[in-house]
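The file target06.pdb contains PDB, C-alpha atoms and all ligand atoms:
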```pdb
ATOM      1  CA  MET O1034      -5.533   4.786   8.442  1.00  0.00           C
ATOM      2  CA  THR O1035      -4.316   4.422   4.860  1.00  0.00           C
ATOM      3  CA  ALA O1036      -7.028   4.725   2.226  1.00  0.00           C
ATOM      4  CA  ARG O1037      -7.350   1.760  -0.100  1.00  0.00           C
ATOM      5  CA  GLY O1038      -5.647   2.408  -3.445  1.00  0.00           C
ATOM      6  CA  ARG O1039      -7.449   2.071  -6.763  1.00  0.00           C
ATOM      7  CA  PHE O1040      -7.043  -0.543  -9.448  1.00  0.00           C
ATOM      8  CA  ILE O1041      -6.705   0.829 -12.982  1.00  0.00           C
ATOM      9  CA  THR O1042      -6.434  -1.471 -15.988  1.00  0.00           C
ATOM     10  CA  VAL O1043      -5.267  -0.508 -19.468  1.00  0.00           C
ATOM     11  CA  GLU O1044      -6.701  -2.559 -22.310  1.00  0.00           C
ATOM     12  CA  GLY O1045      -6.668  -2.690 -26.103  1.00  0.00           C
ATOM     13  CA  ILE O1046      -5.297  -4.691 -29.018  1.00  0.00           C
ATOM     14  CA  GLU O1047      -1.588  -4.889 -29.876  1.00  0.00           C
ATOM     15  CA  GLY O1048       0.177  -1.661 -30.743  1.00  0.00           C
ATOM     16  CA  VAL O1049      -2.498   0.796 -29.568  1.00  0.00           C
ATOM     17  CA  GLY O1050      -0.074   2.359 -27.081  1.00  0.00           C
ATOM     18  CA  LYS O1051      -0.711   0.633 -23.746  1.00  0.00           C
ATOM     19  CA  SER O1052       2.956   0.462 -22.681  1.00  0.00           C
ATOM     20  CA  THR O1053       3.664   3.968 -23.956  1.00  0.00           C
ATOM     21  CA  ASN O1054       0.732   5.468 -22.079  1.00  0.00           C
ATOM     22  CA  ILE O1055       1.221   3.523 -18.869  1.00  0.00           C
ATOM     23  CA  ALA O1056       4.473   5.421 -18.379  1.00  0.00           C
ATOM     24  CA  PHE O1057       2.454   8.624 -18.783  1.00  0.00           C
ATOM     25  CA  ILE O1058      -0.281   7.407 -16.417  1.00  0.00           C
ATOM     26  CA  ARG O1059       2.328   6.676 -13.747  1.00  0.00           C
ATOM     27  CA  LYS O1060       3.837  10.157 -14.116  1.00  0.00           C
ATOM     28  CA  THR O1061       0.420  11.804 -14.002  1.00  0.00           C
ATOM     29  CA  LEU O1062      -0.716   9.980 -10.855  1.00  0.00           C
ATOM     30  CA  GLU O1063       2.623  10.562  -9.113  1.00  0.00           C
ATOM     31  CA  ALA O1064       2.340  14.257  -9.932  1.00  0.00           C
ATOM     32  CA  MET O1065      -0.953  14.201  -7.990  1.00  0.00           C
ATOM     33  CA  GLY O1066       0.983  12.809  -5.021  1.00  0.00           C
ATOM     34  CA  LEU O1067      -0.392   9.274  -5.362  1.00  0.00           C
ATOM     35  CA  PRO O1068       1.830   6.218  -4.764  1.00  0.00           C
ATOM     36  CA  VAL O1069       1.775   4.042  -7.901  1.00  0.00           C
ATOM     37  CA  LEU O1070       2.586   0.424  -8.678  1.00  0.00           C
ATOM     38  CA  VAL O1071       2.793  -0.455 -12.368  1.00  0.00           C
ATOM     39  CA  THR O1072       2.394  -4.090 -13.324  1.00  0.00           C
ATOM     40  CA  ARG O1073       1.206  -6.236 -16.217  1.00  0.00           C
ATOM     41  CA  GLU O1074      -0.663  -9.401 -17.171  1.00  0.00           C
ATOM     42  CA  PRO O1075       0.066 -12.095 -17.705  1.00  0.00           C
ATOM     43  CA  GLY O1076       2.926 -11.473 -15.298  1.00  0.00           C
ATOM     44  CA  GLY O1077       3.898  -9.650 -12.134  1.00  0.00           C
ATOM     45  CA  PRO O1078       5.426 -11.927  -9.492  1.00  0.00           C
ATOM     46  CA  GLU O1079       8.002 -14.585 -10.433  1.00  0.00           C
ATOM     47  CA  VAL O1080       5.558 -17.482 -10.820  1.00  0.00           C
ATOM     48  CA  SER O1081       3.276 -15.362 -13.007  1.00  0.00           C
ATOM     49  CA  GLU O1082       6.172 -14.225 -15.196  1.00  0.00           C
ATOM     50  CA  ALA O1083       7.187 -17.876 -15.661  1.00  0.00           C
ATOM     51  CA  ILE O1084       3.639 -18.679 -16.799  1.00  0.00           C
ATOM     52  CA  ARG O1085       3.760 -15.632 -19.108  1.00  0.00           C
ATOM     53  CA  ALA O1086       6.873 -17.039 -20.798  1.00  0.00           C
ATOM     54  CA  VAL O1087       4.979 -20.266 -21.542  1.00  0.00           C
ATOM     55  CA  LEU O1088       1.900 -18.385 -22.792  1.00  0.00           C
ATOM     56  CA  LEU O1089       3.782 -16.077 -25.147  1.00  0.00           C
ATOM     57  CA  SER O1090       6.392 -18.482 -26.474  1.00  0.00           C
ATOM     58  CA  PRO O1091       6.324 -18.840 -30.280  1.00  0.00           C
ATOM     59  CA  ASP O1092       7.984 -22.256 -29.661  1.00  0.00           C
ATOM     60  CA  LEU O1093       4.793 -23.619 -28.071  1.00  0.00           C
ATOM     61  CA  PRO O1094       2.169 -23.320 -30.809  1.00  0.00           C
ATOM     62  CA  GLY O1095      -1.146 -25.123 -30.773  1.00  0.00           C
ATOM     63  CA  MET O1096      -1.865 -24.867 -27.055  1.00  0.00           C
ATOM     64  CA  HIS O1097      -5.435 -25.976 -26.315  1.00  0.00           C
ATOM     65  CA  PRO O1098      -7.649 -22.911 -25.620  1.00  0.00           C
ATOM     66  CA  ASP O1099      -8.694 -24.363 -22.233  1.00  0.00           C
ATOM     67  CA  THR O1100      -5.036 -24.752 -21.233  1.00  0.00           C
ATOM     68  CA  GLU O1101      -4.356 -21.158 -22.240  1.00  0.00           C
ATOM     69  CA  LEU O1102      -7.368 -19.986 -20.255  1.00  0.00           C
ATOM     70  CA  LEU O1103      -6.345 -21.894 -17.105  1.00  0.00           C
ATOM     71  CA  LEU O1104      -2.758 -20.654 -17.323  1.00  0.00           C
ATOM     72  CA  MET O1105      -4.016 -17.073 -17.634  1.00  0.00           C
ATOM     73  CA  PHE O1106      -6.066 -17.429 -14.460  1.00  0.00           C
ATOM     74  CA  ALA O1107      -3.285 -19.304 -12.635  1.00  0.00           C
ATOM     75  CA  ALA O1108      -0.934 -16.398 -13.351  1.00  0.00           C
ATOM     76  CA  ARG O1109      -3.698 -13.988 -12.301  1.00  0.00           C
ATOM     77  CA  ALA O1110      -4.347 -15.696  -8.956  1.00  0.00           C
ATOM     78  CA  GLU O1111      -0.680 -15.380  -8.028  1.00  0.00           C
ATOM     79  CA  HIS O1112      -0.572 -11.776  -9.243  1.00  0.00           C
ATOM     80  CA  LEU O1113      -3.723 -10.759  -7.412  1.00  0.00           C
ATOM     81  CA  HIS O1114      -2.864 -12.309  -4.040  1.00  0.00           C
ATOM     82  CA  ARG O1115       0.864 -11.659  -3.972  1.00  0.00           C
ATOM     83  CA  ARG O1116       1.039  -8.242  -5.551  1.00  0.00           C
ATOM     84  CA  ILE O1117      -2.135  -6.355  -6.460  1.00  0.00           C
ATOM     85  CA  LEU O1118      -4.186  -6.759  -3.268  1.00  0.00           C
ATOM     86  CA  PRO O1119      -1.259  -6.157  -0.864  1.00  0.00           C
ATOM     87  CA  ALA O1120      -0.281  -2.992  -2.773  1.00  0.00           C
ATOM     88  CA  MET O1121      -3.839  -1.649  -2.719  1.00  0.00           C
ATOM     89  CA  ALA O1122      -4.191  -2.423   0.970  1.00  0.00           C
ATOM     90  CA  ALA O1123      -1.041  -0.351   1.534  1.00  0.00           C
ATOM     91  CA  GLY O1124      -2.674   2.581  -0.303  1.00  0.00           C
ATOM     92  CA  GLN O1125      -0.963   2.233  -3.667  1.00  0.00           C
ATOM     93  CA  TRP O1126      -2.726   2.866  -6.947  1.00  0.00           C
ATOM     94  CA  VAL O1127      -2.102  -0.180  -9.101  1.00  0.00           C
ATOM     95  CA  VAL O1128      -1.909   0.336 -12.859  1.00  0.00           C
ATOM     96  CA  CYS O1129      -2.063  -2.926 -14.779  1.00  0.00           C
ATOM     97  CA  ASP O1130      -1.228  -3.493 -18.454  1.00  0.00           C
ATOM     98  CA  ARG O1131      -4.172  -5.806 -19.282  1.00  0.00           C
ATOM     99  CA  PHE O1132      -6.316  -7.803 -16.842  1.00  0.00           C
ATOM    100  CA  THR O1133      -9.340 -10.131 -16.991  1.00  0.00           C
ATOM    101  CA  ASP O1134     -11.035  -8.119 -19.741  1.00  0.00           C
ATOM    102  CA  ALA O1135      -8.138  -9.185 -21.969  1.00  0.00           C
ATOM    103  CA  THR O1136      -9.103 -12.792 -21.231  1.00  0.00           C
ATOM    104  CA  TYR O1137     -12.684 -12.066 -22.332  1.00  0.00           C
ATOM    105  CA  ALA O1138     -11.342 -10.305 -25.429  1.00  0.00           C
ATOM    106  CA  TYR O1139      -8.569 -12.739 -26.490  1.00  0.00           C
ATOM    107  CA  GLN O1140      -9.593 -16.161 -25.196  1.00  0.00           C
ATOM    108  CA  GLY O1141     -13.313 -15.324 -25.459  1.00  0.00           C
ATOM    109  CA  GLY O1142     -13.707 -13.073 -28.515  1.00  0.00           C
ATOM    110  CA  GLY O1143     -10.506 -14.188 -30.232  1.00  0.00           C
ATOM    111  CA  ARG O1144     -10.474 -17.935 -29.570  1.00  0.00           C
ATOM    112  CA  GLY O1145     -14.195 -18.451 -29.098  1.00  0.00           C
ATOM    113  CA  ILE O1146     -14.243 -19.716 -25.503  1.00  0.00           C
ATOM    114  CA  PRO O1147     -17.769 -19.157 -24.144  1.00  0.00           C
ATOM    115  CA  GLN O1148     -18.042 -16.151 -21.857  1.00  0.00           C
ATOM    116  CA  GLU O1149     -19.665 -18.205 -19.087  1.00  0.00           C
ATOM    117  CA  ARG O1150     -16.570 -20.400 -18.719  1.00  0.00           C
ATOM    118  CA  ILE O1151     -14.398 -17.315 -18.312  1.00  0.00           C
ATOM    119  CA  ALA O1152     -16.892 -15.816 -15.854  1.00  0.00           C
ATOM    120  CA  THR O1153     -16.711 -19.017 -13.774  1.00  0.00           C
ATOM    121  CA  LEU O1154     -12.932 -18.720 -13.441  1.00  0.00           C
ATOM    122  CA  GLU O1155     -13.169 -14.968 -12.851  1.00  0.00           C
ATOM    123  CA  ALA O1156     -15.486 -15.613  -9.893  1.00  0.00           C
ATOM    124  CA  PHE O1157     -13.258 -18.441  -8.627  1.00  0.00           C
ATOM    125  CA  VAL O1158     -10.038 -16.395  -8.720  1.00  0.00           C
ATOM    126  CA  GLN O1159     -11.331 -12.896  -8.020  1.00  0.00           C
ATOM    127  CA  GLY O1160     -14.597 -13.207  -6.125  1.00  0.00           C
ATOM    128  CA  ASP O1161     -16.190  -9.871  -6.904  1.00  0.00           C
ATOM    129  CA  PHE O1162     -12.906  -7.970  -7.248  1.00  0.00           C
ATOM    130  CA  ARG O1163     -13.012  -5.836 -10.455  1.00  0.00           C
ATOM    131  CA  PRO O1164     -11.028  -2.846 -11.733  1.00  0.00           C
ATOM    132  CA  ASP O1165     -12.123   0.583 -10.472  1.00  0.00           C
ATOM    133  CA  LEU O1166     -11.324   2.069 -13.857  1.00  0.00           C
ATOM    134  CA  THR O1167     -10.580   0.498 -17.241  1.00  0.00           C
ATOM    135  CA  LEU O1168      -8.961   2.599 -19.946  1.00  0.00           C
ATOM    136  CA  LEU O1169      -9.643   1.124 -23.371  1.00  0.00           C
ATOM    137  CA  LEU O1170      -7.186   2.423 -25.953  1.00  0.00           C
ATOM    138  CA  ASP O1171      -9.091   1.888 -29.147  1.00  0.00           C
ATOM    139  CA  ALA O1172      -7.702   1.818 -32.675  1.00  0.00           C
ATOM    140  CA  ASP O1173      -8.493  -0.043 -35.876  1.00  0.00           C
ATOM    141  CA  VAL O1174      -6.572  -3.273 -36.345  1.00  0.00           C
ATOM    142  CA  ALA O1175      -4.455  -1.954 -39.245  1.00  0.00           C
ATOM    143  CA  THR O1176      -3.168   0.950 -37.146  1.00  0.00           C
ATOM    144  CA  GLY O1177      -2.441  -1.283 -34.152  1.00  0.00           C
ATOM    145  CA  MET O1178      -0.649  -3.898 -36.214  1.00  0.00           C
ATOM    146  CA  ALA O1179       1.439  -1.327 -38.092  1.00  0.00           C
ATOM    147  CA  ARG O1180       2.578   0.155 -34.779  1.00  0.00           C
ATOM    148  CA  ALA O1181       3.270  -3.260 -33.253  1.00  0.00           C
ATOM    149  CA  ARG O1182       5.322  -4.274 -36.304  1.00  0.00           C
ATOM    150  CA  SER O1183       7.369  -1.078 -36.149  1.00  0.00           C
ATOM    151  CA  ARG O1184       8.269  -2.095 -32.591  1.00  0.00           C
ATOM    152  CA  GLY O1185      10.015  -5.377 -33.530  1.00  0.00           C
ATOM    153  CA  ASP O1186       9.558  -9.137 -33.142  1.00  0.00           C
ATOM    154  CA  ALA O1187       6.108 -10.702 -33.165  1.00  0.00           C
ATOM    155  CA  ASP O1188       5.231 -12.933 -30.221  1.00  0.00           C
ATOM    156  CA  ARG O1189       2.704 -15.756 -30.444  1.00  0.00           C
ATOM    157  CA  PHE O1190      -0.345 -13.471 -30.132  1.00  0.00           C
ATOM    158  CA  GLU O1191       1.013 -10.865 -32.521  1.00  0.00           C
ATOM    159  CA  GLN O1192       1.260 -13.533 -35.222  1.00  0.00           C
ATOM    160  CA  GLU O1193      -2.518 -13.991 -35.233  1.00  0.00           C
ATOM    161  CA  ALA O1194      -4.536 -13.022 -38.309  1.00  0.00           C
ATOM    162  CA  VAL O1195      -6.328  -9.703 -38.784  1.00  0.00           C
ATOM    163  CA  ALA O1196      -9.722 -11.405 -38.300  1.00  0.00           C
ATOM    164  CA  PHE O1197      -8.613 -12.555 -34.840  1.00  0.00           C
ATOM    165  CA  PHE O1198      -7.821  -8.986 -33.760  1.00  0.00           C
ATOM    166  CA  GLU O1199     -11.096  -7.735 -35.251  1.00  0.00           C
ATOM    167  CA  ARG O1200     -12.909 -10.161 -32.943  1.00  0.00           C
ATOM    168  CA  VAL O1201     -10.752  -9.088 -30.002  1.00  0.00           C
ATOM    169  CA  ARG O1202     -11.522  -5.426 -30.652  1.00  0.00           C
ATOM    170  CA  GLU O1203     -15.245  -6.122 -30.959  1.00  0.00           C
ATOM    171  CA  ALA O1204     -15.154  -8.035 -27.659  1.00  0.00           C
ATOM    172  CA  TYR O1205     -13.547  -5.001 -25.986  1.00  0.00           C
ATOM    173  CA  HIS O1206     -16.330  -2.779 -27.353  1.00  0.00           C
ATOM    174  CA  ALA O1207     -18.911  -5.198 -25.966  1.00  0.00           C
ATOM    175  CA  LEU O1208     -17.221  -5.106 -22.533  1.00  0.00           C
ATOM    176  CA  ALA O1209     -17.231  -1.299 -22.599  1.00  0.00           C
ATOM    177  CA  ARG O1210     -20.967  -1.340 -23.358  1.00  0.00           C
ATOM    178  CA  ALA O1211     -21.590  -3.890 -20.593  1.00  0.00           C
ATOM    179  CA  HIS O1212     -19.588  -1.985 -17.944  1.00  0.00           C
ATOM    180  CA  PRO O1213     -20.007   1.730 -18.714  1.00  0.00           C
ATOM    181  CA  GLU O1214     -19.445   2.646 -15.037  1.00  0.00           C
ATOM    182  CA  ARG O1215     -15.773   1.664 -15.120  1.00  0.00           C
ATOM    183  CA  TYR O1216     -14.906   1.878 -18.838  1.00  0.00           C
ATOM    184  CA  ARG O1217     -13.451   4.925 -20.583  1.00  0.00           C
ATOM    185  CA  ILE O1218     -12.712   4.595 -24.299  1.00  0.00           C
ATOM    186  CA  VAL O1219      -9.882   6.703 -25.696  1.00  0.00           C
ATOM    187  CA  ASP O1220      -9.377   7.019 -29.449  1.00  0.00           C
ATOM    188  CA  ALA O1221      -5.795   5.790 -29.758  1.00  0.00           C
ATOM    189  CA  THR O1222      -5.455   6.736 -33.439  1.00  0.00           C
ATOM    190  CA  GLN O1223      -5.069  10.357 -32.328  1.00  0.00           C
ATOM    191  CA  PRO O1224      -1.600  11.875 -31.946  1.00  0.00           C
ATOM    192  CA  LEU O1225       0.007  10.861 -28.664  1.00  0.00           C
ATOM    193  CA  GLU O1226      -0.432  14.367 -27.157  1.00  0.00           C
ATOM    194  CA  SER O1227      -4.204  14.211 -27.680  1.00  0.00           C
ATOM    195  CA  VAL O1228      -4.407  10.679 -26.264  1.00  0.00           C
ATOM    196  CA  GLN O1229      -2.509  11.798 -23.184  1.00  0.00           C
ATOM    197  CA  ALA O1230      -4.509  14.983 -22.707  1.00  0.00           C
ATOM    198  CA  GLN O1231      -7.631  12.830 -22.608  1.00  0.00           C
ATOM    199  CA  LEU O1232      -6.039  10.319 -20.223  1.00  0.00           C
ATOM    200  CA  ALA O1233      -4.977  13.135 -17.880  1.00  0.00           C
ATOM    201  CA  GLU O1234      -8.559  14.402 -17.761  1.00  0.00           C
ATOM    202  CA  ILE O1235      -9.936  10.950 -16.941  1.00  0.00           C
ATOM    203  CA  LEU O1236      -7.320  10.379 -14.211  1.00  0.00           C
ATOM    204  CA  CYS O1237      -7.973  13.771 -12.705  1.00  0.00           C
ATOM    205  CA  ALA O1238     -11.664  12.924 -12.418  1.00  0.00           C
ATOM    206  CA  ALA O1239     -10.844   9.486 -10.958  1.00  0.00           C
ATOM    207  CA  ALA O1240      -8.512  10.957  -8.343  1.00  0.00           C
ATOM    208  CA  GLY O1241     -11.225  13.397  -7.290  1.00  0.00           C
ATOM    209  CA  GLU O1242     -13.849  10.674  -6.887  1.00  0.00           C
ATOM    210  CA  GLY O1243     -14.659   9.192  -3.508  1.00  0.00           C
ATOM    211  CA  THR O1244     -11.554  10.596  -1.806  1.00  0.00           C
ATOM    212  CA  ASP O1245     -13.637  11.091   1.311  1.00  0.00           C
ATOM    213  CA  GLY O1246     -15.091   7.553   1.129  1.00  0.00           C
TER     214      GLY O1246
HETATM  215  N1  LIG P1301      -0.902   7.867 -30.375  1.00  0.00           N
HETATM  216  C1  LIG P1301       0.165   7.349 -31.017  1.00  0.00           C
HETATM  217  N2  LIG P1301       0.531   7.827 -32.218  1.00  0.00           N
HETATM  218  C2  LIG P1301       1.596   7.288 -32.876  1.00  0.00           C
HETATM  219  N3  LIG P1301       2.360   6.276 -32.421  1.00  0.00           N
HETATM  220  C3  LIG P1301       2.039   5.763 -31.232  1.00  0.00           C
HETATM  221  C4  LIG P1301       0.939   6.262 -30.456  1.00  0.00           C
HETATM  222  N4  LIG P1301       0.862   5.537 -29.320  1.00  0.00           N
HETATM  223  C5  LIG P1301       1.874   4.640 -29.370  1.00  0.00           C
HETATM  224  N5  LIG P1301       2.592   4.765 -30.511  1.00  0.00           N
HETATM  225  C6  LIG P1301       3.737   3.941 -30.939  1.00  0.00           C
HETATM  226  O1  LIG P1301       3.214   2.672 -31.321  1.00  0.00           O
HETATM  227  C7  LIG P1301       4.112   1.616 -30.940  1.00  0.00           C
HETATM  228  C8  LIG P1301       3.368   0.610 -30.073  1.00  0.00           C
HETATM  229  O2  LIG P1301       3.075   1.195 -28.805  1.00  0.00           O
HETATM  230  P1  LIG P1301       3.042   0.328 -27.458  1.00  0.00           P
HETATM  231  O3  LIG P1301       2.892   1.305 -26.334  1.00  0.00           O
HETATM  232  O4  LIG P1301       4.182  -0.608 -27.427  1.00  0.00           O
HETATM  233  O5  LIG P1301       1.657  -0.470 -27.688  1.00  0.00           O
HETATM  234  P2  LIG P1301       1.033  -1.684 -26.847  1.00  0.00           P
HETATM  235  O6  LIG P1301       1.752  -1.714 -25.532  1.00  0.00           O
HETATM  236  O7  LIG P1301      -0.418  -1.315 -26.733  1.00  0.00           O
HETATM  237  O8  LIG P1301       1.213  -2.905 -27.678  1.00  0.00           O
HETATM  238  C9  LIG P1301       5.282   2.276 -30.238  1.00  0.00           C
HETATM  239  O9  LIG P1301       6.339   2.396 -31.150  1.00  0.00           O
HETATM  240  C10 LIG P1301       4.725   3.653 -29.831  1.00  0.00           C
HETATM  241  O10 LIG P1301       5.738   4.620 -29.779  1.00  0.00           O
HETATM  242 MG    MG P1302       2.751  -3.239 -24.503  1.00  0.00          MG
END
```

Representation of the structure as C-alpha cells:
Amino acid sequence: MTARGRFITVEGIEGVGKSTNIAFIRKTLEAMGLPVLVTREPGGPEVSEAIRAVLLSPDLPGMHPDTELLLMFAARAEHLHRRILPAMAAGQWVVCDRFTDATYAYQGGGRGIPQERIATLEAFVQGDFRPDLTLLLDADVATGMARARSRGDADRFEQEAVAFFERVREAYHALARAHPERYRIVDATQPLESVQAQLAEILCAAAGEGTDG
C-alpha cells in the first residue's frame, strides 16, 4: 500500500523568496527519494488558473472583497479535488506556493474580511483538511517589496500600499502563533544559503516524522 503523501505550504508576503525556495524544497525532497508535486494558489488545474488570471489582473481593479474571497475558494475547491488530494492519495508530497493561510492573511488581515467568514468557507471547501507543514518565509515589508520590484512588473496585489503588507505580515504571525504544531518560521532576510540550510533541516525532520504511521 502506498503511504499518503504530505501537504506542505509555503507562505509569506511578496518577494520573500517563496518561488526561489520552492525549487530548493523540491530538490531536497527528491534527494530523499520522495515523489514531489509542486503547485501554487490561486492556480493549479485549468479552471483554477483561469480564476487566478481574473484575481491578479491589474485591468480588474475594485473587485468587491467578498467576490475576491469566493473566487479564491472556488479556485481552491477545484485545486484540492482535482490535483492535491489525488496526488497525496498516490503517495506524492505536494508543495504548494500559498494556500488558505494566504486567504486569512490577504483577504482577512489585508482587506479586513472577518476571520469567521473565511473559516466558514474553509470548512465548506476543505472539511478538516489542513497542511501538514507550513513554512512561513518572514521578512520585513521593505525587504520583500525591494526584492519583488527587482523581479519586474507589479500585479494587482503587488501594487498595494506598505500598510496593507504590514497587516498581511502581522496576520501571518498570528496564524503561526495559533498553529504552532504545523508552522515553522524562517527568517527570509538571511542570505539564501542560510535560509536553505534551515529549510533543509525542517524538511529532514518532517520526512522522519510518522514514516511508520
Ligand atoms: N534570501 C534571499 N536573499 C536575497 N535575495 C533573495 C533571497 N530570496 C529570494 N531572493 C530574490 O528575491 C526575489 C524575489 O524572490 P521570489 O522567490 O520571486 O519571491 P516570492 O515568490 O516570495 O514573491 C528574487 O529575485 C530572488 O532571487
Ligand atoms: Mg512567487

For ligand LIG 1301 (chain P), return the neighbouring residues as a list in words (distance at most 8 Å; all atoms listed in the file).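 The distance check yields Glu1044, Gly1045, Ile1046, Glu1047, Gly1048, Val1049, Gly1050, Lys1051, Ser1052, Thr1053, Asn1054, Ile1055, Asp1130, Leu1170, Gly1177, Arg1180, Ala1181, Ser1183, Arg1184, Ala1221, Thr1222, Gln1223, Pro1224, Leu1225, Glu1226, Ser1227 and Val1228 of chain O.
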
Would you mind telling me which residue in O:Gly1185, O:Met1121, O:Pro1164, O:Gly1143 lies nearest to ligand MG 1302 (chain P) when using all atoms listed in the file? O:Gly1185

Show which residues sit within 12 Å of Glu1082 in chain O, as a PyMOL selection string. Count only C-alpha atoms, and ignore same-chain residues fewer than 5 positions away. chain O and resi 1072-1077+1087-1089+1104-1105+1107-1109+1111-1112

State, in Å with one decimal place, the distance from CA of Thr1176 in chain O to CA of Ile1235 in chain O.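 Computing the Euclidean distance for CA of Thr1176 in chain O and CA of Ile1235 in chain O yields 23.5 Å.
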
For the provided coordinates, the residues matched by the PyMOL selection byres (((chain O and resi 1099) around 10) and not hetatm) should be stated as a list of chain:residue names. O:Met1096, O:His1097, O:Pro1098, O:Thr1100, O:Glu1101, O:Leu1102, O:Leu1103, O:Leu1104, O:Met1105, O:Gln1140, O:Arg1144, O:Ile1146, O:Arg1150, O:Ile1151

Where does range 1039-1152 of chain O meet range 1192-1215 of chain O within 6 Å, residue by residue, with the nearest atom pair and distance in Å to one decimal for each, counting all atoms listed in the file, listed by chain and rising number, as CSV?
```
residue,atom,partner,partner_atom,distance
O:Ala1138,CA,O:Val1201,CA,4.8
O:Tyr1139,CA,O:Val1201,CA,5.5
O:Gly1142,CA,O:Val1201,CA,5.2
O:Gly1143,CA,O:Val1201,CA,5.1
```

Using all atoms listed in the file, which of O:Gly1141, O:Asp1220, O:Pro1078, O:Trp1126 sits nearest Leu1113 in chain O?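 Ranking O:Gly1141, O:Asp1220, O:Pro1078, O:Trp1126 by distance to Leu1113 in chain O, first place goes to O:Pro1078.
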
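For the set O:Leu1236, O:Ala1056, O:Ile1041, O:Val1080, the residue with the smallest atom-to-atom gap to ligand MG 1302 (chain P) is O:Ala1056, counting all atoms listed in the file.
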
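Computed from the coordinates, the CA of Ala1239 in chain O to CA of Gly1124 in chain O distance equals 15.1 Å.
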
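The gap separating CA of Leu1169 in chain O from CA of Gln1148 in chain O is 19.3 Å, in Å to one decimal.
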
Which residues match the PyMOL selection byres (((chain O and resi 1240) around 12) and not hetatm) in the file above, as a PDB file with C-alpha atoms, in the coordinates of the input?
```pdb
ATOM      1  CA  GLY O1038      -5.647   2.408  -3.445  1.00  0.00           C
ATOM      2  CA  ARG O1039      -7.449   2.071  -6.763  1.00  0.00           C
ATOM      3  CA  PHE O1040      -7.043  -0.543  -9.448  1.00  0.00           C
ATOM      4  CA  ILE O1041      -6.705   0.829 -12.982  1.00  0.00           C
ATOM      5  CA  THR O1061       0.420  11.804 -14.002  1.00  0.00           C
ATOM      6  CA  LEU O1062      -0.716   9.980 -10.855  1.00  0.00           C
ATOM      7  CA  GLU O1063       2.623  10.562  -9.113  1.00  0.00           C
ATOM      8  CA  ALA O1064       2.340  14.257  -9.932  1.00  0.00           C
ATOM      9  CA  MET O1065      -0.953  14.201  -7.990  1.00  0.00           C
ATOM     10  CA  GLY O1066       0.983  12.809  -5.021  1.00  0.00           C
ATOM     11  CA  LEU O1067      -0.392   9.274  -5.362  1.00  0.00           C
ATOM     12  CA  PRO O1068       1.830   6.218  -4.764  1.00  0.00           C
ATOM     13  CA  TRP O1126      -2.726   2.866  -6.947  1.00  0.00           C
ATOM     14  CA  ASP O1165     -12.123   0.583 -10.472  1.00  0.00           C
ATOM     15  CA  LEU O1166     -11.324   2.069 -13.857  1.00  0.00           C
ATOM     16  CA  ALA O1233      -4.977  13.135 -17.880  1.00  0.00           C
ATOM     17  CA  GLU O1234      -8.559  14.402 -17.761  1.00  0.00           C
ATOM     18  CA  ILE O1235      -9.936  10.950 -16.941  1.00  0.00           C
ATOM     19  CA  LEU O1236      -7.320  10.379 -14.211  1.00  0.00           C
ATOM     20  CA  CYS O1237      -7.973  13.771 -12.705  1.00  0.00           C
ATOM     21  CA  ALA O1238     -11.664  12.924 -12.418  1.00  0.00           C
ATOM     22  CA  ALA O1239     -10.844   9.486 -10.958  1.00  0.00           C
ATOM     23  CA  GLY O1241     -11.225  13.397  -7.290  1.00  0.00           C
ATOM     24  CA  GLU O1242     -13.849  10.674  -6.887  1.00  0.00           C
ATOM     25  CA  GLY O1243     -14.659   9.192  -3.508  1.00  0.00           C
ATOM     26  CA  THR O1244     -11.554  10.596  -1.806  1.00  0.00           C
ATOM     27  CA  ASP O1245     -13.637  11.091   1.311  1.00  0.00           C
TER      28      ASP O1245
END
```

Once 5 Å is added on each side, what centre and edge lengths in Å to one decimal does the axis-aligned box around all listed atoms of range 1131-1134 of chain O have, as AutoDock Vina command-line options?
```
--center_x -7.6 --center_y -8.0 --center_z -18.3 --size_x 16.9 --size_y 14.3 --size_z 12.9
```

Can you list what the PyMOL selection byres (((chain O and resi 1158) around 8) and not hetatm) grabs from this structure, as a ChimeraX atom specification? /O:1106,1109-1110,1154-1157,1159-1160

Nearest residue to ligand MG 1302 (chain P) out of O:Ile1084, O:Arg1037, O:Lys1060, O:Arg1131, using only C-alpha atoms and all ligand atoms?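 Using only C-alpha atoms and all ligand atoms, ligand MG 1302 (chain P) sits closest to O:Arg1131.
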
Using only C-alpha atoms, which of the listed residues (O:Thr1133, O:Gln1229, O:Thr1167, O:Gln1125) sits closest to Val1069 in chain O?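 Among the listed residues, the smallest separation from Val1069 in chain O belongs to O:Gln1125.
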